[in-house]
Amino acid sequence: MEINIIEKTENPVLNRIEIDFECLYHGEATPKILDVKNKLVALLDADKELLVVDNIQPYFGEGRSQGYAKLYDNLDSLNEIESKHVLEKNKETSAPAEESEEVPEE
């Protein structure tokens, strides 16, 4: 998967940088939001907690998609502005505390 940043726009009113990007993934499945987020964090050298991938729109029949992300200046602005569902889909899932144990069949 390759990510190209199309445009970065600074929005001082909302304390964030808005990023339009293109994602290329020929021959692969459409990438998940968390995979794109991790790649953008590495590309922008940003804090993972302050970056939110808002959406990814795949092009039908092509191995590419267009997306929109927001990089906030601080955590307070992010929590104040972003809606809960956007924050939920950008949250890393933690490993379950208890692993299910299989009961042997007799």
# chains A, B, ... in the order shown; residues from 1 in each chain; ligands from 1
call {"tool": "residues_around", "arguments": {"residues": "segment 52-69 of chain A", "least_positions_apart": "2", "cutoff": "9 Å", "atoms": "only C-alpha atoms", "output": "PyMOL selection string"}}
result
chain A and resi 17-34+36-37+40+48-50+71-72+78+82+86-87+89-90
call {"tool": "write_last_selection", "arguments": {"atoms": "C-alpha atoms", "output": "compact mmCIF listing (two decimals), in the first residue's frame"}}
result
# COMPACT_ATOMS: atom_id res chain seq x y z
CA ILE A 17 -4.29 20.38 9.59
CA GLU A 18 -6.68 18.81 7.06
CA ILE A 19 -5.12 16.24 4.77
CA ASP A 20 -6.46 14.92 1.45
CA PHE A 21 -4.65 11.78 0.35
CA GLU A 22 -4.72 9.03 -2.24
CA CYS A 23 -4.10 5.41 -1.35
CA LEU A 24 -2.80 2.94 -3.95
CA TYR A 25 -3.18 -0.79 -3.30
CA HIS A 26 -3.23 -2.63 -6.63
CA GLY A 27 -3.95 -6.33 -6.22
CA GLU A 28 -4.83 -6.00 -2.53
CA ALA A 29 -8.04 -5.53 -0.54
CA THR A 30 -9.16 -2.03 0.40
CA PRO A 31 -7.01 -1.09 3.40
CA LYS A 32 -8.54 -0.72 6.84
CA ILE A 33 -8.71 2.68 8.50
CA LEU A 34 -6.20 1.70 11.19
CA VAL A 36 -4.01 3.83 6.70
CA LYS A 37 -3.74 5.75 9.98
CA LEU A 40 -0.02 8.35 7.66
CA LYS A 48 -0.88 8.68 16.61
CA GLU A 49 -3.31 10.05 19.23
CA LEU A 50 -3.75 13.35 17.34
CA LEU A 71 -4.16 16.15 12.41
CA TYR A 72 -4.97 18.10 15.58
CA LEU A 78 -9.67 16.59 19.04
CA GLU A 82 -14.68 15.06 16.64
CA VAL A 86 -15.20 8.84 14.18
CA LEU A 87 -13.10 8.46 17.32
CA LYS A 89 -13.33 3.78 14.26
CA ASN A 90 -9.85 5.29 14.78
call {"tool": "select_by_dssp", "arguments": {"residues": "segment 23-64 of chain A", "states": "strand (DSSP E)", "output": "number ranges by chain"}}
result
A: 23-24, 51-58, 64
call {"tool": "select_by_dssp", "arguments": {"residues": "chain A", "states": "helix (DSSP H, G or I)", "output": "ChimeraX atom specification"}}
result
/A:33-44,48-50,75-81,84-89
call {"tool": "atom_distance", "arguments": {"atom1": "atom CA of Asn11 of chain A", "atom2": "atom CA of Thr93 of chain A"}}
result
29.5 Å
call {"tool": "atom_distance", "arguments": {"atom1": "atom CA of Asp76 of chain A", "atom2": "atom CA of Leu51 of chain A"}}
result
12.8 Å
call {"tool": "closest_residue", "arguments": {"among": "A:Ala46, A:Lys39, A:Ile3, A:Thr9", "to": "Asn74 of chain A", "atoms": "only C-alpha atoms"}}
result
A:Ala46
call {"tool": "atom_distance", "arguments": {"atom1": "atom CA of Leu14 of chain A", "atom2": "atom CA of Asn79 of chain A"}}
result
11.6 Å
